[in-house]
Every structure is written in structure tokens, then in C-alpha cells.
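J.: Just one file: model_37.pdb, with PDB, C-alpha atoms.
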```pdb
MODEL        1
ATOM      1  CA  MET A   1     -42.589 -65.223-182.783
ATOM      2  CA  GLU A   2     -38.805 -64.802-182.656
ATOM      3  CA  LYS A   3     -36.907 -67.996-181.844
ATOM      4  CA  PHE A   4     -33.516 -68.450-180.198
ATOM      5  CA  ASN A   5     -30.650 -69.868-182.245
ATOM      6  CA  ILE A   6     -28.338 -72.501-180.788
ATOM      7  CA  ILE A   7     -25.193 -72.579-182.950
ATOM      8  CA  ARG A   8     -23.247 -75.689-181.945
ATOM      9  CA  VAL A   9     -21.865 -77.783-179.119
ATOM     10  CA  ALA A  10     -18.902 -75.834-177.825
ATOM     11  CA  SER A  11     -17.336 -77.335-174.716
ATOM     12  CA  VAL A  12     -17.470 -79.926-171.949
ATOM     13  CA  ILE A  13     -16.246 -79.701-168.350
ATOM     14  CA  MET A  14     -15.260 -83.055-166.868
ATOM     15  CA  ASN A  15     -13.307 -84.274-163.856
ATOM     16  CA  VAL A  16      -9.874 -85.860-163.742
ATOM     17  CA  THR A  17      -8.133 -87.069-160.606
ATOM     18  CA  ASP A  18      -4.559 -86.112-161.569
ATOM     19  CA  LEU A  19      -3.888 -83.007-163.681
ATOM     20  CA  GLN A  20      -0.332 -84.033-164.559
ATOM     21  CA  LYS A  21      -1.411 -87.448-165.832
ATOM     22  CA  ALA A  22      -4.252 -85.801-167.756
ATOM     23  CA  ARG A  23      -1.858 -83.254-169.290
ATOM     24  CA  HIS A  24       0.488 -86.010-170.445
ATOM     25  CA  PHE A  25      -2.418 -87.820-172.102
ATOM     26  CA  TYR A  26      -4.246 -84.886-173.713
ATOM     27  CA  VAL A  27      -1.431 -82.449-174.483
ATOM     28  CA  ASP A  28       1.775 -84.460-174.803
ATOM     29  CA  THR A  29       0.247 -87.550-176.433
ATOM     30  CA  LEU A  30      -2.918 -86.450-178.272
ATOM     31  CA  GLY A  31      -1.704 -82.972-179.190
ATOM     32  CA  PHE A  32      -4.413 -80.763-177.701
ATOM     33  CA  ILE A  33      -3.416 -77.122-177.280
ATOM     34  CA  GLU A  34      -3.214 -76.050-173.643
ATOM     35  CA  THR A  35      -4.537 -72.496-173.543
ATOM     36  CA  GLU A  36      -3.849 -72.083-169.840
ATOM     37  CA  SER A  37      -4.101 -73.889-166.512
ATOM     38  CA  ASP A  38      -4.221 -73.342-162.782
ATOM     39  CA  SER A  39      -4.065 -75.604-159.743
ATOM     40  CA  GLU A  40      -7.591 -76.914-160.417
ATOM     41  CA  HIS A  41      -8.112 -76.784-164.210
ATOM     42  CA  ILE A  42      -6.566 -77.348-167.623
ATOM     43  CA  TYR A  43      -8.200 -75.498-170.530
ATOM     44  CA  LEU A  44      -7.748 -77.233-173.896
ATOM     45  CA  ARG A  45      -8.595 -76.523-177.519
ATOM     46  CA  GLY A  46      -7.968 -77.991-180.959
ATOM     47  CA  LEU A  47      -5.604 -76.635-183.592
ATOM     48  CA  GLU A  48      -8.438 -75.152-185.643
ATOM     49  CA  GLU A  49     -10.300 -73.503-182.776
ATOM     50  CA  ARG A  50     -10.133 -69.746-182.292
ATOM     51  CA  VAL A  51     -11.700 -69.766-178.836
ATOM     52  CA  HIS A  52     -10.208 -70.151-175.368
ATOM     53  CA  HIS A  53     -11.212 -73.784-174.909
ATOM     54  CA  SER A  54     -13.478 -76.611-175.946
ATOM     55  CA  LEU A  55     -12.568 -78.981-173.122
ATOM     56  CA  VAL A  56     -11.997 -78.207-169.450
ATOM     57  CA  LEU A  57     -10.369 -80.785-167.195
ATOM     58  CA  LYS A  58     -11.214 -80.128-163.539
ATOM     59  CA  LYS A  59      -9.304 -81.708-160.679
ATOM     60  CA  ALA A  60     -11.554 -83.793-158.428
ATOM     61  CA  GLU A  61     -11.526 -86.897-156.249
ATOM     62  CA  LYS A  62     -13.461 -88.963-158.786
ATOM     63  CA  PRO A  63     -14.657 -88.707-162.400
ATOM     64  CA  GLY A  64     -17.851 -86.906-163.340
ATOM     65  CA  VAL A  65     -19.174 -84.434-165.905
ATOM     66  CA  HIS A  66     -20.276 -80.939-164.896
ATOM     67  CA  SER A  67     -21.903 -79.641-168.057
ATOM     68  CA  ILE A  68     -22.189 -79.675-171.836
ATOM     69  CA  PHE A  69     -21.873 -76.149-173.238
ATOM     70  CA  TYR A  70     -23.657 -74.740-176.271
ATOM     71  CA  LYS A  71     -22.963 -71.430-177.984
ATOM     72  CA  VAL A  72     -25.915 -69.267-179.016
ATOM     73  CA  GLU A  73     -26.062 -66.639-181.759
ATOM     74  CA  LYS A  74     -27.144 -63.616-179.690
ATOM     75  CA  GLU A  75     -27.168 -62.660-176.030
ATOM     76  CA  LYS A  76     -30.955 -62.365-176.029
ATOM     77  CA  ASP A  77     -31.143 -66.046-176.991
ATOM     78  CA  LEU A  78     -30.099 -66.811-173.420
ATOM     79  CA  TYR A  79     -33.173 -65.092-172.019
ATOM     80  CA  MET A  80     -35.481 -66.881-174.432
ATOM     81  CA  LEU A  81     -33.939 -70.185-173.363
ATOM     82  CA  GLN A  82     -34.419 -69.197-169.747
ATOM     83  CA  SER A  83     -38.118 -68.642-170.401
ATOM     84  CA  LEU A  84     -38.445 -72.004-172.131
ATOM     85  CA  PHE A  85     -36.842 -73.995-169.321
ATOM     86  CA  GLU A  86     -38.768 -72.108-166.646
ATOM     87  CA  GLU A  87     -41.993 -72.731-168.535
ATOM     88  CA  LYS A  88     -41.161 -76.455-168.521
ATOM     89  CA  LYS A  89     -40.423 -76.200-164.772
ATOM     90  CA  LEU A  90     -36.854 -77.364-165.286
ATOM     91  CA  PRO A  91     -33.942 -76.176-163.101
ATOM     92  CA  VAL A  92     -32.342 -72.871-164.161
ATOM     93  CA  ARG A  93     -29.585 -70.667-162.758
ATOM     94  CA  TRP A  94     -27.292 -67.904-164.009
ATOM     95  CA  LEU A  95     -23.518 -67.803-163.656
ATOM     96  CA  GLU A  96     -21.864 -64.420-163.972
ATOM     97  CA  LYS A  97     -18.752 -63.906-166.071
ATOM     98  CA  GLU A  98     -16.253 -64.332-163.241
ATOM     99  CA  HIS A  99     -17.476 -67.846-162.402
ATOM    100  CA  ILE A 100     -16.292 -69.614-165.572
ATOM    101  CA  ARG A 101     -12.907 -68.694-167.024
ATOM    102  CA  SER A 102     -13.119 -66.926-170.418
ATOM    103  CA  ILE A 103     -16.918 -67.236-170.809
ATOM    104  CA  GLY A 104     -19.495 -64.459-170.462
ATOM    105  CA  ARG A 105     -22.742 -64.669-168.540
ATOM    106  CA  THR A 106     -23.950 -68.264-168.738
ATOM    107  CA  LEU A 107     -27.350 -69.900-168.398
ATOM    108  CA  GLN A 108     -27.213 -73.283-166.682
ATOM    109  CA  VAL A 109     -30.148 -75.686-166.953
ATOM    110  CA  ILE A 110     -30.994 -79.347-166.564
ATOM    111  CA  ASP A 111     -32.831 -80.895-169.500
ATOM    112  CA  PRO A 112     -35.737 -83.396-169.225
ATOM    113  CA  SER A 113     -33.294 -86.330-169.281
ATOM    114  CA  GLY A 114     -31.322 -84.933-166.343
ATOM    115  CA  ILE A 115     -28.382 -83.650-168.416
ATOM    116  CA  PRO A 116     -26.830 -80.366-167.207
ATOM    117  CA  LEU A 117     -26.495 -77.928-170.110
ATOM    118  CA  SER A 118     -24.891 -74.490-170.227
ATOM    119  CA  PHE A 119     -25.655 -71.833-172.845
ATOM    120  CA  PHE A 120     -23.376 -68.866-173.509
ATOM    121  CA  PHE A 121     -22.910 -66.108-176.063
ATOM    122  CA  GLU A 122     -19.348 -64.869-175.479
ATOM    123  CA  MET A 123     -16.016 -66.658-175.118
ATOM    124  CA  GLU A 124     -12.542 -65.133-175.224
ATOM    125  CA  GLU A 125     -10.651 -65.651-178.451
ATOM    126  CA  ALA A 126      -7.369 -67.524-178.745
ATOM    127  CA  GLU A 127      -4.802 -67.873-181.503
ATOM    128  CA  ARG A 128      -5.796 -70.296-184.244
ATOM    129  CA  MET A 129      -3.032 -72.877-184.629
ATOM    130  CA  LEU A 130      -4.289 -74.469-187.838
ATOM    131  CA  GLN A 131      -1.216 -73.461-189.852
ATOM    132  CA  ARG A 132       1.284 -73.861-187.038
ATOM    133  CA  TYR A 133       2.344 -77.191-188.485
ATOM    134  CA  ASP A 134       5.480 -77.058-186.377
ATOM    135  CA  LEU A 135       3.256 -77.616-183.324
ATOM    136  CA  TYR A 136       1.305 -80.579-184.696
ATOM    137  CA  LYS A 137       1.748 -83.759-182.683
ATOM    138  CA  GLY A 138      -0.144 -86.850-181.594
ATOM    139  CA  ALA A 139      -3.668 -86.962-182.973
ATOM    140  CA  ARG A 140      -3.377 -83.439-184.388
ATOM    141  CA  VAL A 141      -6.806 -82.668-182.871
ATOM    142  CA  GLN A 142      -8.686 -80.037-184.899
ATOM    143  CA  ARG A 143     -11.988 -79.139-183.149
ATOM    144  CA  ILE A 144     -14.808 -80.411-180.973
ATOM    145  CA  ASP A 145     -17.496 -82.163-183.010
ATOM    146  CA  HIS A 146     -20.212 -83.736-180.830
ATOM    147  CA  VAL A 147     -21.245 -85.415-177.606
ATOM    148  CA  ASN A 148     -23.103 -88.676-177.079
ATOM    149  CA  CYS A 149     -25.239 -89.390-174.001
ATOM    150  CA  SER A 150     -26.856 -92.504-172.605
ATOM    151  CA  VAL A 151     -30.403 -91.697-171.456
ATOM    152  CA  PRO A 152     -33.275 -93.815-170.119
ATOM    153  CA  ASP A 153     -35.845 -92.473-172.608
ATOM    154  CA  VAL A 154     -34.503 -91.571-176.049
ATOM    155  CA  GLN A 155     -37.927 -90.619-177.384
ATOM    156  CA  LYS A 156     -38.341 -88.008-174.634
ATOM    157  CA  ALA A 157     -34.908 -86.544-175.342
ATOM    158  CA  TYR A 158     -35.572 -86.593-179.091
ATOM    159  CA  ASP A 159     -38.907 -84.781-178.728
ATOM    160  CA  PHE A 160     -37.479 -82.054-176.503
ATOM    161  CA  TYR A 161     -34.406 -81.327-178.616
ATOM    162  CA  ILE A 162     -36.345 -81.393-181.895
ATOM    163  CA  LYS A 163     -39.555 -79.630-180.871
ATOM    164  CA  GLU A 164     -38.263 -77.223-178.230
ATOM    165  CA  LEU A 165     -34.571 -76.567-178.943
ATOM    166  CA  GLY A 166     -34.740 -76.629-182.738
ATOM    167  CA  PHE A 167     -32.376 -79.519-183.471
ATOM    168  CA  ARG A 168     -32.776 -81.671-186.582
ATOM    169  CA  CYS A 169     -32.261 -85.421-186.916
ATOM    170  CA  SER A 170     -29.702 -86.836-189.351
ATOM    171  CA  GLU A 171     -29.938 -90.558-188.585
ATOM    172  CA  TYR A 172     -31.664 -92.776-186.066
ATOM    173  CA  THR A 173     -31.829 -96.385-184.934
ATOM    174  CA  ALA A 174     -35.198 -98.067-184.503
ATOM    175  CA  THR A 175     -36.398-101.387-183.119
ATOM    176  CA  GLU A 176     -38.815-103.725-184.911
ATOM    177  CA  GLU A 177     -41.618-101.918-183.048
ATOM    178  CA  GLU A 178     -40.302 -98.564-184.426
ATOM    179  CA  ASP A 179     -39.196 -97.348-181.013
ATOM    180  CA  ILE A 180     -36.221 -95.000-181.260
ATOM    181  CA  TRP A 181     -33.207 -96.707-179.665
ATOM    182  CA  ALA A 182     -30.730 -93.963-180.601
ATOM    183  CA  ALA A 183     -30.812 -90.638-182.451
ATOM    184  CA  TRP A 184     -28.221 -88.287-183.950
ATOM    185  CA  LEU A 185     -29.275 -84.635-183.729
ATOM    186  CA  PHE A 186     -27.559 -81.554-185.097
ATOM    187  CA  ARG A 187     -27.420 -77.759-185.050
ATOM    188  CA  LYS A 188     -24.311 -77.173-187.145
ATOM    189  CA  PRO A 189     -24.575 -78.704-190.656
ATOM    190  CA  THR A 190     -22.909 -82.046-189.905
ATOM    191  CA  VAL A 191     -24.282 -85.385-188.736
ATOM    192  CA  HIS A 192     -24.584 -84.435-185.088
ATOM    193  CA  ASP A 193     -23.884 -82.163-182.195
ATOM    194  CA  HIS A 194     -25.712 -84.327-179.676
ATOM    195  CA  ALA A 195     -26.510 -88.034-179.902
ATOM    196  CA  PHE A 196     -28.691 -90.053-177.538
ATOM    197  CA  MET A 197     -28.670 -93.805-176.982
ATOM    198  CA  ASN A 198     -30.881 -96.058-174.857
ATOM    199  CA  GLY A 199     -29.315 -97.099-171.578
ATOM    200  CA  LEU A 200     -28.578 -96.392-167.944
ATOM    201  CA  GLY A 201     -28.521 -92.634-167.648
ATOM    202  CA  PRO A 202     -28.181 -89.796-167.879
ATOM    203  CA  ARG A 203     -24.467 -90.349-168.475
ATOM    204  CA  LEU A 204     -21.937 -88.880-170.880
ATOM    205  CA  HIS A 205     -20.841 -91.666-173.202
ATOM    206  CA  HIS A 206     -18.222 -89.675-175.074
ATOM    207  CA  VAL A 207     -17.090 -86.334-176.386
ATOM    208  CA  ALA A 208     -15.808 -86.412-179.971
ATOM    209  CA  TYR A 209     -13.076 -84.423-181.710
ATOM    210  CA  TRP A 210     -12.622 -83.958-185.421
ATOM    211  CA  LEU A 211      -9.333 -84.949-187.047
ATOM    212  CA  SER A 212      -8.188 -83.846-190.481
ATOM    213  CA  ASP A 213      -8.121 -87.284-192.160
ATOM    214  CA  PRO A 214      -8.293 -91.049-191.476
ATOM    215  CA  MET A 215      -4.502 -91.368-191.441
ATOM    216  CA  SER A 216      -4.432 -89.077-188.410
ATOM    217  CA  ILE A 217      -6.462 -91.729-186.593
ATOM    218  CA  ILE A 218      -4.045 -94.492-187.647
ATOM    219  CA  HIS A 219      -1.142 -92.268-186.572
ATOM    220  CA  THR A 220      -2.811 -91.733-183.189
ATOM    221  CA  CYS A 221      -2.858 -95.491-182.573
ATOM    222  CA  ASP A 222       0.877 -95.670-183.277
ATOM    223  CA  VAL A 223       1.603 -92.711-181.011
ATOM    224  CA  MET A 224      -0.531 -94.087-178.175
ATOM    225  CA  ALA A 225       1.080 -97.517-178.401
ATOM    226  CA  ALA A 226       4.570 -95.997-178.445
ATOM    227  CA  SER A 227       3.656 -93.786-175.466
ATOM    228  CA  GLY A 228       2.441 -96.641-173.288
ATOM    229  CA  TYR A 229      -1.271 -96.095-173.901
ATOM    230  CA  ALA A 230      -2.081 -99.147-176.053
ATOM    231  CA  ALA A 231      -4.507-100.408-173.375
ATOM    232  CA  ASN A 232      -6.383 -97.080-173.577
ATOM    233  CA  ILE A 233      -7.497 -97.863-177.133
ATOM    234  CA  GLU A 234     -11.008 -99.206-176.582
ATOM    235  CA  ARG A 235     -12.520 -99.594-180.028
ATOM    236  CA  GLY A 236     -11.409 -99.120-183.614
ATOM    237  CA  PRO A 237     -10.096 -97.837-185.871
ATOM    238  CA  GLY A 238     -13.148 -98.467-187.974
ATOM    239  CA  ARG A 239     -15.890 -96.904-190.040
ATOM    240  CA  HIS A 240     -19.393 -96.340-188.746
ATOM    241  CA  GLY A 241     -22.237 -97.324-191.033
ATOM    242  CA  LEU A 242     -24.314 -94.706-189.321
ATOM    243  CA  SER A 243     -22.720 -91.305-190.149
ATOM    244  CA  ASN A 244     -20.083 -92.905-192.445
ATOM    245  CA  ALA A 245     -17.403 -91.548-190.112
ATOM    246  CA  PHE A 246     -13.983 -93.075-189.543
ATOM    247  CA  PHE A 247     -13.544 -93.471-185.773
ATOM    248  CA  LEU A 248     -11.360 -94.391-182.843
ATOM    249  CA  TYR A 249     -12.580 -94.600-179.223
ATOM    250  CA  ILE A 250     -10.005 -94.113-176.489
ATOM    251  CA  ARG A 251     -10.120 -93.778-172.694
ATOM    252  CA  ASP A 252      -8.135 -91.258-170.687
ATOM    253  CA  PRO A 253      -6.392 -92.281-167.410
ATOM    254  CA  ASP A 254      -9.673 -91.728-165.503
ATOM    255  CA  GLY A 255     -11.837 -93.628-167.980
ATOM    256  CA  ASN A 256     -13.352 -90.620-169.752
ATOM    257  CA  ARG A 257     -14.132 -91.704-173.311
ATOM    258  CA  ILE A 258     -12.947 -89.605-176.259
ATOM    259  CA  GLU A 259     -13.882 -90.358-179.848
ATOM    260  CA  LEU A 260     -11.500 -89.245-182.582
ATOM    261  CA  TYR A 261     -13.631 -88.721-185.645
ATOM    262  CA  ASN A 262     -13.447 -87.917-189.339
ATOM    263  CA  GLY A 263     -15.336 -88.335-192.601
ATOM    264  CA  ASP A 264     -19.031 -87.740-191.982
ATOM    265  CA  TYR A 265     -21.148 -85.612-194.326
ATOM    266  CA  LEU A 266     -22.974 -82.279-194.593
ATOM    267  CA  THR A 267     -26.607 -81.933-193.558
ATOM    268  CA  SER A 268     -27.089 -78.344-194.753
ATOM    269  CA  ASP A 269     -29.681 -79.233-197.435
ATOM    270  CA  PRO A 270     -33.069 -78.139-196.017
ATOM    271  CA  ASP A 271     -34.686 -81.111-197.785
ATOM    272  CA  PHE A 272     -32.454 -83.606-196.002
ATOM    273  CA  LYS A 273     -34.487 -86.446-194.474
ATOM    274  CA  PRO A 274     -33.354 -88.593-191.512
ATOM    275  CA  ILE A 275     -31.861 -91.986-192.340
ATOM    276  CA  ARG A 276     -33.297 -94.991-190.517
ATOM    277  CA  TRP A 277     -31.176 -97.921-189.352
ATOM    278  CA  ASP A 278     -32.444-101.172-187.887
ATOM    279  CA  LEU A 279     -31.024-101.752-184.420
ATOM    280  CA  ASN A 280     -29.736-105.211-185.312
ATOM    281  CA  ASP A 281     -28.149-104.300-188.633
ATOM    282  CA  PRO A 282     -24.472-105.221-188.049
ATOM    283  CA  ARG A 283     -23.326-102.469-190.421
ATOM    284  CA  ARG A 284     -25.087 -99.774-188.415
ATOM    285  CA  GLN A 285     -22.490 -99.289-185.699
ATOM    286  CA  THR A 286     -19.527-100.537-187.746
ATOM    287  CA  PHE A 287     -19.788-100.583-191.515
ATOM    288  CA  TRP A 288     -17.354-103.491-191.670
ATOM    289  CA  GLY A 289     -19.598-105.562-189.394
ATOM    290  CA  HIS A 290     -17.538-106.117-186.248
ATOM    291  CA  GLU A 291     -19.042-105.585-182.812
ATOM    292  CA  ALA A 292     -18.221-103.012-180.175
ATOM    293  CA  PRO A 293     -16.768-104.303-176.887
ATOM    294  CA  GLU A 294     -18.996-104.705-173.826
ATOM    295  CA  SER A 295     -17.351-101.703-172.155
ATOM    296  CA  TRP A 296     -18.676 -99.470-174.947
ATOM    297  CA  PHE A 297     -22.259-100.302-173.914
ATOM    298  CA  ASN A 298     -21.762-100.573-170.157
ATOM    299  CA  GLU A 299     -19.419 -97.763-169.180
ATOM    300  CA  ALA A 300     -20.044 -94.011-169.200
ATOM    301  CA  MET A 301     -19.596 -91.020-166.898
ATOM    302  CA  PRO A 302     -22.209 -89.639-164.495
ATOM    303  CA  PHE A 303     -23.340 -86.029-164.594
ATOM    304  CA  ILE A 304     -23.038 -83.732-161.578
ATOM    305  CA  ASP A 305     -26.014 -81.660-160.426
ATOM    306  CA  PHE A 306     -25.023 -77.984-160.189
ATOM    307  CA  ARG A 307     -27.580 -77.469-157.407
ATOM    308  CA  ASN A 308     -25.912 -79.750-154.874
ATOM    309  CA  GLY A 309     -22.677 -81.098-156.374
ATOM    310  CA  LYS A 310     -23.983 -84.677-156.269
ATOM    311  CA  GLU A 311     -24.210 -87.197-159.085
ATOM    312  CA  ILE A 312     -27.541 -87.057-160.887
ATOM    313  CA  GLU A 313     -29.638 -90.137-160.135
ATOM    314  CA  LEU A 314     -29.569 -92.813-162.831
ATOM    315  CA  GLU A 315     -32.431 -94.762-164.377
ATOM    316  CA  GLU A 316     -32.343 -97.896-166.501
ATOM    317  CA  GLY A 317     -33.069 -97.622-170.214
ATOM    318  CA  LYS A 318     -36.760 -97.743-171.112
ATOM    319  CA  LEU A 319     -36.230-100.152-174.013
ATOM    320  CA  LYS A 320     -35.487-103.712-172.968
ATOM    321  CA  GLN A 321     -32.865-104.411-175.609
ATOM    322  CA  ARG A 322     -29.623-103.151-174.107
ATOM    323  CA  LYS A 323     -27.488-103.445-177.241
ATOM    324  CA  PRO A 324     -27.711-104.689-180.836
ATOM    325  CA  ASN A 325     -27.884-108.433-181.438
ATOM    326  CA  PHE A 326     -25.597-109.392-184.301
ATOM    327  CA  ILE A 327     -25.584-112.673-186.158
ATOM    328  CA  THR A 328     -22.302-112.973-188.046
TER     329      THR A 328
ENDMDL
END
```
Translate this file's structure into C-alpha cells.
T.:
Amino acid sequence: MEKFNIIRVASVIMNVTDLQKARHFYVDTLGFIETESDSEHIYLRGLEERVHHSLVLKKAEKPGVHSIFYKVEKEKDLYMLQSLFEEKKLPVRWLEKEHIRSIGRTLQVIDPSGIPLSFFFEMEEAERMLQRYDLYKGARVQRIDHVNCSVPDVQKAYDFYIKELGFRCSEYTATEEEDIWAAWLFRKPTVHDHAFMNGLGPRLHHVAYWLSDPMSIIHTCDVMAASGYAANIERGPGRHGLSNAFFLYIRDPDGNRIELYNGDYLTSDPDFKPIRWDLNDPRRQTFWGHEAPESWFNEAMPFIDFRNGKEIELEEGKLKQRKPNFIT
């Protein structure tokens, strides 16, 4: 039987309360490319990206996340995904081309964890700025890499994305009882497109962007500090044990968390086997052993239900251990 093909995570739509403050943070300071804007939206992309956007900032009264977008290989993949979600009795609706700027007909769904997903085949192209070195500034953001979500039942999310959507697992965190506390799942051949972690959810923990090298992350810290955003640096720079990536977590003026990311590895080998980490291994989350701040575990953004415009109801994490316990 023919199977649909999800290519990669492609975009996120999230709220900001002040477009001018958001523009100063994302465009003037971090160096995102502003493709276009109107009175309600700013459409952003990285220097490497050839598509209209990979991040949409939507003006609203309070923060919230509307959807995580995935690109599929063929238009007929959308209809196969529709059948899957309807078979599972999960919410489904279609948005025609005119409803989302630059994107063709889009399938919107809500997954078993309560996360709103959107699948599309077509997006308008935009000029690739990779070799426009004269325009590089701030973090010199290259492309979207992944999203991370806090969910109440990681095992349920893992099973659905692996068994039904065709994702593979690169690395995972397990408790002493071998319960999955977090999992890193991918479609493109890198460590992840979508990660899940145990906690109050569903909530978007962060959206991550790829930078060209670790020094770009160091440079970003200098630029943010010089621009008055030192307090917006939440965690890092550092190196994850899990994924091996060099990272920096920052918060925008509304508290949306962005990870700037570099240095993970390829997962294209079909014989690749998932790597297990013990939850309480101090080198799991930071290879150098230092802990993440409390805000990193406690704070994340709610999702908005496309059926009624309200925040999706939250549930506590199924596993009792809220975060790793480190003895250093």
C-alpha cells in the first residue's frame, strides 16, 4: 500500500503582542530575513531558505502557538493524511490557498497529544540569501531545524509519530523503569524534526534554528548583550550530550523560546539505531554537566485550537519525575 511522505518541519505560526518589538528582536538583532509583513503578521525566513517563510509572527493580545507546519512530498500525501486522521477520529479541516499567505491548500489536524499540525505541499519561493554576505547580521540564522513540545504522555506521542506518521527515533531518554521521558524524532536526516518531553502539555517548548557554526552562537550572545537583550539569554551557550549540538536558548519579548543550534549529526544510515540516555545522566542535557534553569522546565507556550480559537486544555505529565536529578 502506498504511504505518504512527510519531508520535514517547515514553519511555525506563533503570537506576539507587539510587531515592532518583535521585528527589532528577530530582524534587527537576530538577523532573520523579513520576506514581507502586514498589519497583523511578519513573515520570516533564514538566509539559506528558498521559501517564503519558516516563521510567522501574528499580532495578538497574548502569546500562543497556532500550528506546526510540515511539508509533504506530493499533493496526494495530504489526502492520505486526511484519511489517517479521520480514521483515528482526530479533528481535521482544510484551509484553501487564500487563507494562509504563500501556502497552497493545507490540511489542519490535531494530533493525539493535542498539538495542532498543518500539512502542505506548495509554498511560494523566495530569494536564497545564503551568499548575500553583505546582509548577514546578528545570529546569521540559516534555516529552521526542529521543534520541541512538552506533552503529558511521551509514549503515546512516540507511538503515533513512529507507527503512523513514519518518523524515526535518533535518541531518547528513559527512566530506571524504561519509561520514555523524552524522544527525538526525525524525518529529514538529522537528529530531529520533532522532539517530545514529559511535562504539562501540550505546549510548544521551543522552535530551533540552525546556525552555520558555534562561533555564530557566541557572536549572537555579544550582539544580544550589546543590543540590550542580555536578560533574554536563558540558557547556554553549551553543548548537549544528547544530539551533540552546540546550543543557545533565548526568549523573545513575549517569552517565546528560540533555540539557536549547530553541530548535530546525520541519521541517513538506514541501519542507524536510537541512542538511549538515562534521565539522570548529567551529561545528557548538557555534555559539560551543568543544569538547565528552572524556567527551561516550567515555561512553554500553549497551543490554540483552530476549531474555537481557545487554548488547548493542558494535562500534567504522566511520569512523576518532572526533571532530571543531578548529583554534581
J.: Can you pull out the residues contacting segment 94-101 of chain A? Cut-off 10 Å, using all atoms listed in the file, and skip same-chain residues under 6 positions away; I want them as a list in words.
T.: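 Once the nearby chain positions are removed, what remains is His41, Tyr43, His52, His53, Val56, Leu78, Gln82, Leu107, Gln108, Val109, Ser118, Phe119, Phe120, Glu122, Met123 and Glu124 of chain A.
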J.: Can you spell out as a ChimeraX atom specification the set of residues that the PyMOL selection byres ((chain A and resi 3) around 12) selects in the structure I just provided?
T.: /A:1-2,4-6,72-74,76-81,83-84,163-166
J.: What's the 8 Å shell around segment 193-202 of chain A, counting all atoms listed in the file, without same-chain residues fewer than 2 positions away, as a JSON list (two decimals) with C-alpha atoms, keeping the file's coordinate frame?
T.:
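See around_24.json below for the written result:
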```
[["chain", "number", "residue", "atom", "x", "y", "z"],
["A", 8, "ARG", "CA", -23.25, -75.69, -181.94],
["A", 9, "VAL", "CA", -21.86, -77.78, -179.12],
["A", 113, "SER", "CA", -33.29, -86.33, -169.28],
["A", 114, "GLY", "CA", -31.32, -84.93, -166.34],
["A", 115, "ILE", "CA", -28.38, -83.65, -168.42],
["A", 145, "ASP", "CA", -17.50, -82.16, -183.01],
["A", 146, "HIS", "CA", -20.21, -83.74, -180.83],
["A", 147, "VAL", "CA", -21.24, -85.42, -177.61],
["A", 148, "ASN", "CA", -23.10, -88.68, -177.08],
["A", 149, "CYS", "CA", -25.24, -89.39, -174.00],
["A", 150, "SER", "CA", -26.86, -92.50, -172.60],
["A", 151, "VAL", "CA", -30.40, -91.70, -171.46],
["A", 152, "PRO", "CA", -33.28, -93.82, -170.12],
["A", 153, "ASP", "CA", -35.84, -92.47, -172.61],
["A", 154, "VAL", "CA", -34.50, -91.57, -176.05],
["A", 157, "ALA", "CA", -34.91, -86.54, -175.34],
["A", 158, "TYR", "CA", -35.57, -86.59, -179.09],
["A", 181, "TRP", "CA", -33.21, -96.71, -179.66],
["A", 182, "ALA", "CA", -30.73, -93.96, -180.60],
["A", 183, "ALA", "CA", -30.81, -90.64, -182.45],
["A", 184, "TRP", "CA", -28.22, -88.29, -183.95],
["A", 185, "LEU", "CA", -29.28, -84.64, -183.73],
["A", 186, "PHE", "CA", -27.56, -81.55, -185.10],
["A", 187, "ARG", "CA", -27.42, -77.76, -185.05],
["A", 188, "LYS", "CA", -24.31, -77.17, -187.14],
["A", 190, "THR", "CA", -22.91, -82.05, -189.90],
["A", 191, "VAL", "CA", -24.28, -85.38, -188.74],
["A", 204, "LEU", "CA", -21.94, -88.88, -170.88],
["A", 302, "PRO", "CA", -22.21, -89.64, -164.50],
["A", 303, "PHE", "CA", -23.34, -86.03, -164.59],
["A", 312, "ILE", "CA", -27.54, -87.06, -160.89],
["A", 313, "GLU", "CA", -29.64, -90.14, -160.14],
["A", 314, "LEU", "CA", -29.57, -92.81, -162.83],
["A", 315, "GLU", "CA", -32.43, -94.76, -164.38],
["A", 316, "GLU", "CA", -32.34, -97.90, -166.50],
["A", 317, "GLY", "CA", -33.07, -97.62, -170.21],
["A", 318, "LYS", "CA", -36.76, -97.74, -171.11],
["A", 319, "LEU", "CA", -36.23, -100.15, -174.01],
["A", 322, "ARG", "CA", -29.62, -103.15, -174.11]]
```
J.: Applying 8 Å and all atoms listed in the file, which residues near segment 259-265 of chain A remain after dropping the ones on its own chain fewer than 5 positions away? List them as a ChimeraX atom specification.
T.: /A:190-191,206-214,217,243-250
J.: Please provide as a PyMOL selection string all residues within 10 Å of Leu279 of chain A, with the sequence filter that same-chain residues fewer than 2 positions apart are discarded (counting all atoms listed in the file).
T.: chain A and resi 172-176+178-182+276-277+281-285+321+323-326
J.: How far is it from atom CA of Ser67 of chain A to atom CA of Leu117 of chain A, in Å with one decimal?
T.: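 For atom CA of Ser67 of chain A relative to atom CA of Leu117 of chain A, the distance reads 5.3 Å.
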J.: In Å to one decimal, how far is atom CA of Gln155 of chain A from atom CA of Glu87 of chain A?
T.: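 Separation of atom CA of Glu87 of chain A and atom CA of Gln155 of chain A: 20.4 Å.
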J.: Enter the distance from atom CA of Arg251 of chain A to atom CA of Asp222 of chain A, in Å, rounded to one decimal.
T.: 15.4 Å
J.: Take every atom of segment 257-272 of chain A listed in the file, fit an axis-aligned box around them, add 5 Å per side, and give the centre and edge lengths in Å to one decimal as AutoDock Vina command-line options.
T.:
```
--center_x -23.1 --center_y -84.9 --center_z -185.5 --size_x 33.2 --size_y 23.6 --size_z 34.5
```
J.: Choose the residue, out of A:Cys221, A:Ile68, A:Leu266, A:Ile42, that has the smallest atom-to-atom separation from Pro189 of chain A; count only C-alpha atoms.
T.: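 With only C-alpha atoms as the atom set, the closest residue is A:Leu266.
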J.: My list of candidates is A:Asp28, A:Asp269, A:Glu234, A:Asp38. Which is closest to Arg257 of chain A when distances are computed with all atoms listed in the file?
T.: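 Among the listed residues, the smallest separation from Arg257 of chain A belongs to A:Glu234.
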J.: Given all atoms listed in the file as the basis, pick out the residue of A:Asn232, A:Ser295, A:Ser54, A:Thr220 nearest to Gly138 of chain A.
T.: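 Checking each of A:Asn232, A:Ser295, A:Ser54, A:Thr220 against Gly138 of chain A, counting all atoms listed in the file, the winner is A:Thr220.
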J.: Given the choices A:Phe287, A:Ser11, A:Arg93, A:Leu130, which gets closest to Glu49 of chain A if the distance is worked out from all atoms listed in the file?
T.: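 When distances to Glu49 of chain A are compared using all atoms listed in the file, the smallest one comes from A:Leu130.
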J.: Spell out the residues picked by the PyMOL selection byres ((chain A and resi 30) around 7) here, as a ChimeraX atom specification.
T.: /A:25-29,31-32,137-140
J.: Between A:Glu171, A:Glu75, A:Glu40, A:Glu34, which one has atoms that come closest to Leu19 of chain A, using all atoms listed in the file?
T.: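 Using all atoms listed in the file, the shortest distance to Leu19 of chain A belongs to A:Glu40.
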